[in-house]
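Student: Pasting a structure here, questions to come.
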Amino acid sequence: EGPSARTHIPSSINVKEAFNFTSVPNNAAVFALGPRCGPGEGQCDHGLCCSPSGYCGNTKHYCISPGCQIDYGNCDASRTPEGGSTTNFPRLHLGEVPYGHGIFSCTVPKTIALTFDDGPNTYTGDLLDILDSFKAKATFFITGINSGKGEIDDFTLPWGRLIQRMHYSGHQIASHSWSHQDLSKITSSQRYDQMLKNEAALRNIFGAIPTYMRPPYSSCTINSGCLDDMGELGYHVTYYNVDTDDYNNDHPEYIQRSKDIFDRALAMQDPPGRPFLVIAHDVHKQTVYNLTSYILEKTYASGFSAVTVGECLGDPKYNWYRWI
């Protein structure tokens, strides 16, 4: 999975845009940004957020995850879903698909598992319409609060109902963490926090927690302890063997590159009928309105089926979730 282009978190803040300044001296701009924070600077006071650029403040430029520095202040990711923690829920390892190990490919021949990360977001409803029109199933790796969209289980927002629609339409729902942190670069306690909060939010939406997850940035290393933690939590760590690179091609002139990637994968089937696990992102316009239909047309024309990750691994549907 690609870098921060998908998260829409700026690496630095344009002071004039952020504060609508017309002309201020440099020292005034620094003062307006707030005290420094982050590595070598320390934490923010009084519940303020530490921005990606290392300044304390309380607006979205400071507080939106995953850019907000969780070790040095408050962040929107600090919020906790209502309804209690899922900490003590049983974590049985059922079925033949391994837990706490990386899964990079499907096992059922002539299947293609199309997966979407980082949503739900603005285009997700239309994506569901497109999938319905093809009678295709997909897997959605859901983030709970990334990119300033608010909590997914806040039903004043559209996200919870979109996730319910995914579930009732037969798509698979999986976890992509609470706020899209790099799970290899945070502590074990923080990893648990990332996964348990997302579980609680998903439970509040459709009454279950998933057994499949995909680590943000495809980062869940052995040395960091991440794979062990995911195993303890009862997760199948799901990667891919076809990266559409859609986050780098979200423009009408560039999306053909993502189509070409998929075409090359189909052309190099070895053996014939080799299944594919494809990653894309429903937060990108060209992915939803251009690439998805192209992939599905090619999928069916090549004699493949568009299925969920669980289906492409031969895992019965009752193993995809833990019902609460």
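So you can find residues: chains in the structure tokens are A, B, ... in the order shown, residues in each start at 1, and ligands are numbered from 1 in order.
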As a count of residues only, please: all residues of region 81-294 of chain A that backbone DSSP puts in strand (DSSP E).
Tutor: 33
Student: Residues near region 81-89 of chain A, anyone? I mean within 10 Å using only C-alpha atoms, not counting same-chain ones fewer than 6 positions away, as a list in words.
Tutor: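 Returned residues: Gly144, Glu151, Ile152, Asp153, Asp154, Tyr192, Asp193, Met195, Leu196, Lys197, Asn198, Glu199, Ala200, Ala201, Leu202, Arg203, Asn204, Ile209, Leu233, Arg322, Trp323 and Ile324 of chain A.
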Student: Just the selected residues (C-alpha atoms), exported as an mmCIF file, in the first residue's frame, please.
Tutor:
data_model
loop_
_atom_site.group_PDB
_atom_site.id
_atom_site.type_symbol
_atom_site.label_atom_id
_atom_site.label_comp_id
_atom_site.auth_asym_id
_atom_site.auth_seq_id
_atom_site.Cartn_x
_atom_site.Cartn_y
_atom_site.Cartn_z
ATOM 1 C CA GLY A 144 -12.641 4.320 11.792
ATOM 2 C CA GLU A 151 -16.236 8.426 13.552
ATOM 3 C CA ILE A 152 -17.775 5.747 11.359
ATOM 4 C CA ASP A 153 -20.358 4.889 14.052
ATOM 5 C CA ASP A 154 -21.628 8.476 14.323
ATOM 6 C CA TYR A 192 -4.357 -2.910 20.484
ATOM 7 C CA ASP A 193 -5.984 0.498 20.842
ATOM 8 C CA MET A 195 -7.751 -2.468 16.518
ATOM 9 C CA LEU A 196 -10.086 -2.526 19.529
ATOM 10 C CA LYS A 197 -11.529 0.919 18.847
ATOM 11 C CA ASN A 198 -12.289 -0.037 15.261
ATOM 12 C CA GLU A 199 -13.869 -3.263 16.485
ATOM 13 C CA ALA A 200 -16.131 -1.355 18.870
ATOM 14 C CA ALA A 201 -17.227 1.035 16.131
ATOM 15 C CA LEU A 202 -17.975 -1.795 13.694
ATOM 16 C CA ARG A 203 -19.850 -3.680 16.418
ATOM 17 C CA ASN A 204 -21.977 -0.576 16.957
ATOM 18 C CA ILE A 209 -16.191 -7.593 14.588
ATOM 19 C CA LEU A 233 -6.355 -10.539 18.510
ATOM 20 C CA ARG A 322 -17.081 -12.649 15.576
ATOM 21 C CA TRP A 323 -20.709 -11.995 16.435
ATOM 22 C CA ILE A 324 -21.444 -10.042 19.595
#
Student: List the spatial neighbours of Gln194 (chain A) as a ChimeraX atom specification - criterion: any atom at most 12 Å away, only C-alpha atoms, same-chain residues fewer than 2 positions off excluded.
Tutor: /A:65-66,70,77-81,85-87,143-146,175-183,186-192,196-201,213,215-216,226,229-230,233
Student: Mind listing the helix (DSSP H, G or I) residues of region 39-234 of chain A, per DSSP on the backbone, as a PyMOL selection string?
Tutor: chain A and resi 60-63+76-78+124-134+146-148+159-168+188-206+216-218+226-232
Student: So that I can see what lies close to Gly73 (chain A), please list as a PyMOL selection string the residues with an atom at most 12 Å from it, counting only C-alpha atoms and leaving out residues fewer than 6 positions away in the same chain.
Tutor: chain A and resi 35-39+41-52+54-58+62-65+67
Student: Put those residues in a file: N, CA and C atoms, as a PDB file, in the first residue's frame.
Tutor:
ATOM      1  N   PRO A  35       2.927  26.529  20.145  1.00  0.00           N
ATOM      2  CA  PRO A  35       4.199  26.001  20.645  1.00  0.00           C
ATOM      3  C   PRO A  35       4.641  24.783  19.843  1.00  0.00           C
ATOM      4  N   ARG A  36       5.931  24.525  19.852  1.00  0.00           N
ATOM      5  CA  ARG A  36       6.469  23.358  19.165  1.00  0.00           C
ATOM      6  C   ARG A  36       6.177  22.093  19.960  1.00  0.00           C
ATOM      7  N   CYS A  37       6.106  20.961  19.242  1.00  0.00           N
ATOM      8  CA  CYS A  37       5.874  19.660  19.864  1.00  0.00           C
ATOM      9  C   CYS A  37       6.493  18.590  18.984  1.00  0.00           C
ATOM     10  N   GLY A  38       6.544  17.375  19.509  1.00  0.00           N
ATOM     11  CA  GLY A  38       7.088  16.270  18.743  1.00  0.00           C
ATOM     12  C   GLY A  38       8.443  15.836  19.244  1.00  0.00           C
ATOM     13  N   PRO A  39       9.121  14.958  18.508  1.00  0.00           N
ATOM     14  CA  PRO A  39      10.436  14.467  18.934  1.00  0.00           C
ATOM     15  C   PRO A  39      11.406  15.618  19.192  1.00  0.00           C
ATOM     16  N   GLU A  41      10.948  18.015  21.173  1.00  0.00           N
ATOM     17  CA  GLU A  41      10.239  19.226  21.598  1.00  0.00           C
ATOM     18  C   GLU A  41       9.321  18.976  22.790  1.00  0.00           C
ATOM     19  N   GLY A  42       8.742  17.775  22.884  1.00  0.00           N
ATOM     20  CA  GLY A  42       7.849  17.466  23.993  1.00  0.00           C
ATOM     21  C   GLY A  42       6.393  17.483  23.590  1.00  0.00           C
ATOM     22  N   GLN A  43       5.510  17.386  24.593  1.00  0.00           N
ATOM     23  CA  GLN A  43       4.083  17.250  24.365  1.00  0.00           C
ATOM     24  C   GLN A  43       3.365  18.587  24.402  1.00  0.00           C
ATOM     25  N   CYS A  44       2.182  18.602  23.803  1.00  0.00           N
ATOM     26  CA  CYS A  44       1.308  19.768  23.878  1.00  0.00           C
ATOM     27  C   CYS A  44       0.565  19.777  25.215  1.00  0.00           C
ATOM     28  N   ASP A  45       0.209  20.949  25.678  1.00  0.00           N
ATOM     29  CA  ASP A  45      -0.526  21.098  26.933  1.00  0.00           C
ATOM     30  C   ASP A  45      -2.018  21.235  26.683  1.00  0.00           C
ATOM     31  N   HIS A  46      -2.799  20.971  27.727  1.00  0.00           N
ATOM     32  CA  HIS A  46      -4.217  21.318  27.777  1.00  0.00           C
ATOM     33  C   HIS A  46      -5.035  20.696  26.653  1.00  0.00           C
ATOM     34  N   GLY A  47      -4.732  19.454  26.298  1.00  0.00           N
ATOM     35  CA  GLY A  47      -5.530  18.754  25.303  1.00  0.00           C
ATOM     36  C   GLY A  47      -5.329  19.201  23.880  1.00  0.00           C
ATOM     37  N   LEU A  48      -4.304  19.996  23.619  1.00  0.00           N
ATOM     38  CA  LEU A  48      -4.034  20.426  22.251  1.00  0.00           C
ATOM     39  C   LEU A  48      -3.435  19.285  21.429  1.00  0.00           C
ATOM     40  N   CYS A  49      -3.563  19.389  20.118  1.00  0.00           N
ATOM     41  CA  CYS A  49      -3.045  18.377  19.199  1.00  0.00           C
ATOM     42  C   CYS A  49      -1.679  18.794  18.673  1.00  0.00           C
ATOM     43  N   CYS A  50      -0.848  17.811  18.384  1.00  0.00           N
ATOM     44  CA  CYS A  50       0.473  18.054  17.807  1.00  0.00           C
ATOM     45  C   CYS A  50       0.398  17.770  16.309  1.00  0.00           C
ATOM     46  N   SER A  51       0.566  18.795  15.510  1.00  0.00           N
ATOM     47  CA  SER A  51       0.382  18.680  14.064  1.00  0.00           C
ATOM     48  C   SER A  51       1.492  17.862  13.417  1.00  0.00           C
ATOM     49  N   PRO A  52       1.301  17.455  12.160  1.00  0.00           N
ATOM     50  CA  PRO A  52       2.377  16.754  11.447  1.00  0.00           C
ATOM     51  C   PRO A  52       3.663  17.563  11.383  1.00  0.00           C
ATOM     52  N   GLY A  54       4.668  19.576  13.762  1.00  0.00           N
ATOM     53  CA  GLY A  54       5.246  19.771  15.080  1.00  0.00           C
ATOM     54  C   GLY A  54       4.858  21.051  15.774  1.00  0.00           C
ATOM     55  N   TYR A  55       3.586  21.466  15.637  1.00  0.00           N
ATOM     56  CA  TYR A  55       3.063  22.630  16.344  1.00  0.00           C
ATOM     57  C   TYR A  55       1.795  22.225  17.090  1.00  0.00           C
ATOM     58  N   CYS A  56       1.552  22.862  18.241  1.00  0.00           N
ATOM     59  CA  CYS A  56       0.368  22.578  19.047  1.00  0.00           C
ATOM     60  C   CYS A  56      -0.794  23.472  18.624  1.00  0.00           C
ATOM     61  N   GLY A  57      -1.983  22.889  18.528  1.00  0.00           N
ATOM     62  CA  GLY A  57      -3.170  23.649  18.169  1.00  0.00           C
ATOM     63  C   GLY A  57      -4.408  22.790  18.314  1.00  0.00           C
ATOM     64  N   ASN A  58      -5.565  23.331  17.939  1.00  0.00           N
ATOM     65  CA  ASN A  58      -6.805  22.581  18.130  1.00  0.00           C
ATOM     66  C   ASN A  58      -7.725  22.611  16.916  1.00  0.00           C
ATOM     67  N   TYR A  62      -4.220  20.433  12.890  1.00  0.00           N
ATOM     68  CA  TYR A  62      -3.408  19.852  13.947  1.00  0.00           C
ATOM     69  C   TYR A  62      -3.898  18.460  14.353  1.00  0.00           C
ATOM     70  N   CYS A  63      -5.204  18.235  14.304  1.00  0.00           N
ATOM     71  CA  CYS A  63      -5.813  17.108  15.019  1.00  0.00           C
ATOM     72  C   CYS A  63      -6.199  15.915  14.157  1.00  0.00           C
ATOM     73  N   ILE A  64      -6.199  16.060  12.835  1.00  0.00           N
ATOM     74  CA  ILE A  64      -6.643  14.971  11.971  1.00  0.00           C
ATOM     75  C   ILE A  64      -5.604  13.855  11.930  1.00  0.00           C
ATOM     76  N   SER A  65      -6.073  12.633  12.106  1.00  0.00           N
ATOM     77  CA  SER A  65      -5.215  11.453  12.004  1.00  0.00           C
ATOM     78  C   SER A  65      -5.240  10.925  10.571  1.00  0.00           C
ATOM     79  N   GLY A  67      -2.002  12.033  10.493  1.00  0.00           N
ATOM     80  CA  GLY A  67      -0.891  12.972  10.563  1.00  0.00           C
ATOM     81  C   GLY A  67      -0.632  13.511  11.953  1.00  0.00           C
TER      82      GLY A  67
END
Student: With only C-alpha atoms as the atoms that count, which of A:Arg214, A:Lys285, A:Lys259, A:His171 lies nearest to Ala306 (chain A)?
Tutor: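 With only C-alpha atoms as the atom set, the closest residue is A:His171.
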Student: Name all residues at most 9 Å from region 107-113 of chain A (count only C-alpha atoms; drop same-chain ones fewer than 4 positions away) and give them as a PyMOL selection string.
Tutor: chain A and resi 137-139+272-279+299+302-314
Student: For the residues selected in the previous step, produce a file with C-alpha atoms as a short mmCIF file (atom, residue, chain, number, x, y, z; two decimals), in the first residue's frame.
Tutor:
data_model
loop_
_atom_site.label_atom_id
_atom_site.label_comp_id
_atom_site.auth_asym_id
_atom_site.auth_seq_id
_atom_site.Cartn_x
_atom_site.Cartn_y
_atom_site.Cartn_z
CA LYS A 137 -18.74 -8.82 -4.33
CA ALA A 138 -15.79 -7.00 -2.80
CA THR A 139 -14.02 -6.57 0.52
CA PRO A 272 -3.78 -20.37 -15.97
CA GLY A 273 -6.66 -19.49 -13.66
CA ARG A 274 -4.32 -18.25 -10.95
CA PRO A 275 -6.41 -16.16 -8.52
CA PHE A 276 -5.66 -12.54 -7.68
CA LEU A 277 -5.97 -10.41 -4.56
CA VAL A 278 -6.25 -6.81 -5.78
CA ILE A 279 -5.84 -3.63 -3.74
CA THR A 299 -12.58 -10.07 -14.74
CA SER A 302 -11.50 -13.60 -18.64
CA GLY A 303 -13.79 -16.16 -17.02
CA PHE A 304 -13.05 -15.13 -13.44
CA SER A 305 -15.47 -14.44 -10.59
CA ALA A 306 -15.39 -11.25 -8.50
CA VAL A 307 -15.56 -12.44 -4.90
CA THR A 308 -14.67 -11.46 -1.34
CA VAL A 309 -11.33 -12.23 0.28
CA GLY A 310 -12.95 -14.89 2.42
CA GLU A 311 -14.42 -16.57 -0.64
CA CYS A 312 -11.16 -16.46 -2.59
CA LEU A 313 -9.51 -18.25 0.34
CA GLY A 314 -12.25 -20.86 0.66
#
Student: Could you check how far CA of Asn248 (chain A) sits from CA of Lys135 (chain A), in Å to one decimal?
Tutor: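 According to the coordinates, CA of Asn248 (chain A) and CA of Lys135 (chain A) are separated by 27.9 Å.
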Student: For region 252-258 of chain A, please output as a list of chain:residue names all residues within 9 Å (counting only C-alpha atoms; exclusion window: fewer than 2 positions along the same chain).
Tutor: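 Everything that qualifies: A:Asp243, A:Thr244, A:Asp245, A:Asp246, A:Asn248, A:Asn249, A:Asp250, A:Asp260, A:Ile261, A:Phe262, A:Asp263, A:Gln286, A:Thr287, A:Asn290, A:Leu291.
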Student: When distances are computed from only C-alpha atoms, which of A:Asp71, A:Asp117, A:Asp132, A:Glu232 shows the smallest separation from Leu92 (chain A)?
Tutor: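 The answer is A:Glu232, which sits nearest to Leu92 (chain A).
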Student: Have a look at A:Lys298, A:Leu127, A:Ser184, A:Pro316 and name the one nearest to Gly225 (chain A); count only C-alpha atoms.
Tutor: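 Of A:Lys298, A:Leu127, A:Ser184, A:Pro316, the one nearest Gly225 (chain A) is A:Ser184, counting only C-alpha atoms.
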Student: Give me, as a list of chain:residue names, all polymer residues having an atom no more than 10 Å from Met166 (chain A), counting only C-alpha atoms and skipping those fewer than 2 positions away in the same chain.
Tutor: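 Those residues are A:Thr124, A:Gly125, A:Leu128, A:Lys137, A:Ala138, A:Thr139, A:Phe140, A:Gly160, A:Arg161, A:Leu162, A:Ile163, A:Gln164, A:Tyr168, A:Ser169, A:Gly170, A:His171, A:Gln172, A:Ile173.
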Student: Export, as an mmCIF file, in the first residue's frame, the selected residues with C-alpha atoms.
Tutor:
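Saved file selection05.cif follows:
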data_model
loop_
_atom_site.group_PDB
_atom_site.id
_atom_site.type_symbol
_atom_site.label_atom_id
_atom_site.label_comp_id
_atom_site.auth_asym_id
_atom_site.auth_seq_id
_atom_site.Cartn_x
_atom_site.Cartn_y
_atom_site.Cartn_z
ATOM 1 C CA THR A 124 -18.346 4.746 -1.532
ATOM 2 C CA GLY A 125 -22.101 4.820 -2.105
ATOM 3 C CA LEU A 128 -21.650 0.055 -4.099
ATOM 4 C CA LYS A 137 -18.735 -8.823 -4.332
ATOM 5 C CA ALA A 138 -15.789 -7.002 -2.801
ATOM 6 C CA THR A 139 -14.021 -6.570 0.521
ATOM 7 C CA PHE A 140 -13.815 -3.242 2.313
ATOM 8 C CA GLY A 160 -22.449 3.762 9.371
ATOM 9 C CA ARG A 161 -25.323 3.276 6.950
ATOM 10 C CA LEU A 162 -22.904 2.704 4.084
ATOM 11 C CA ILE A 163 -21.186 -0.021 6.105
ATOM 12 C CA GLN A 164 -24.557 -1.574 6.902
ATOM 13 C CA TYR A 168 -26.466 -6.537 3.792
ATOM 14 C CA SER A 169 -25.323 -6.595 0.149
ATOM 15 C CA GLY A 170 -22.972 -9.504 0.828
ATOM 16 C CA HIS A 171 -19.679 -7.655 0.708
ATOM 17 C CA GLN A 172 -17.034 -8.490 3.287
ATOM 18 C CA ILE A 173 -16.145 -5.952 5.963
#
Student: Write out, as CSV, each residue of region 89-176 of chain A that has an atom at most 10 Å from region 217-224 of chain A, together with the closest pair of atoms and their distance in Å to one decimal, counting only C-alpha atoms, rows going by chain and rising number.
Tutor:
residue,atom,partner,partner_atom,distance
A:Gly100,CA,A:Ile222,CA,9.7
A:His101,CA,A:Ile222,CA,9.2
A:Gly102,CA,A:Cys220,CA,8.7
A:His176,CA,A:Tyr217,CA,9.8
Student: The selected residues should be written to file as a PDB file, in the first residue's frame (atoms: N, CA and C atoms).
Tutor:
ATOM      1  N   GLY A 100      -2.466 -14.225  12.245  1.00  0.00           N
ATOM      2  CA  GLY A 100      -1.194 -13.640  12.636  1.00  0.00           C
ATOM      3  C   GLY A 100      -0.079 -13.863  11.635  1.00  0.00           C
ATOM      4  N   HIS A 101      -0.431 -14.175  10.406  1.00  0.00           N
ATOM      5  CA  HIS A 101       0.539 -14.367   9.326  1.00  0.00           C
ATOM      6  C   HIS A 101       0.064 -13.590   8.098  1.00  0.00           C
ATOM      7  N   GLY A 102       1.002 -13.144   7.290  1.00  0.00           N
ATOM      8  CA  GLY A 102       0.650 -12.404   6.093  1.00  0.00           C
ATOM      9  C   GLY A 102       0.038 -13.286   5.025  1.00  0.00           C
ATOM     10  N   HIS A 176      -9.120  -1.886   8.885  1.00  0.00           N
ATOM     11  CA  HIS A 176      -7.909  -1.203   8.405  1.00  0.00           C
ATOM     12  C   HIS A 176      -7.376  -0.278   9.504  1.00  0.00           C
TER      13      HIS A 176
END
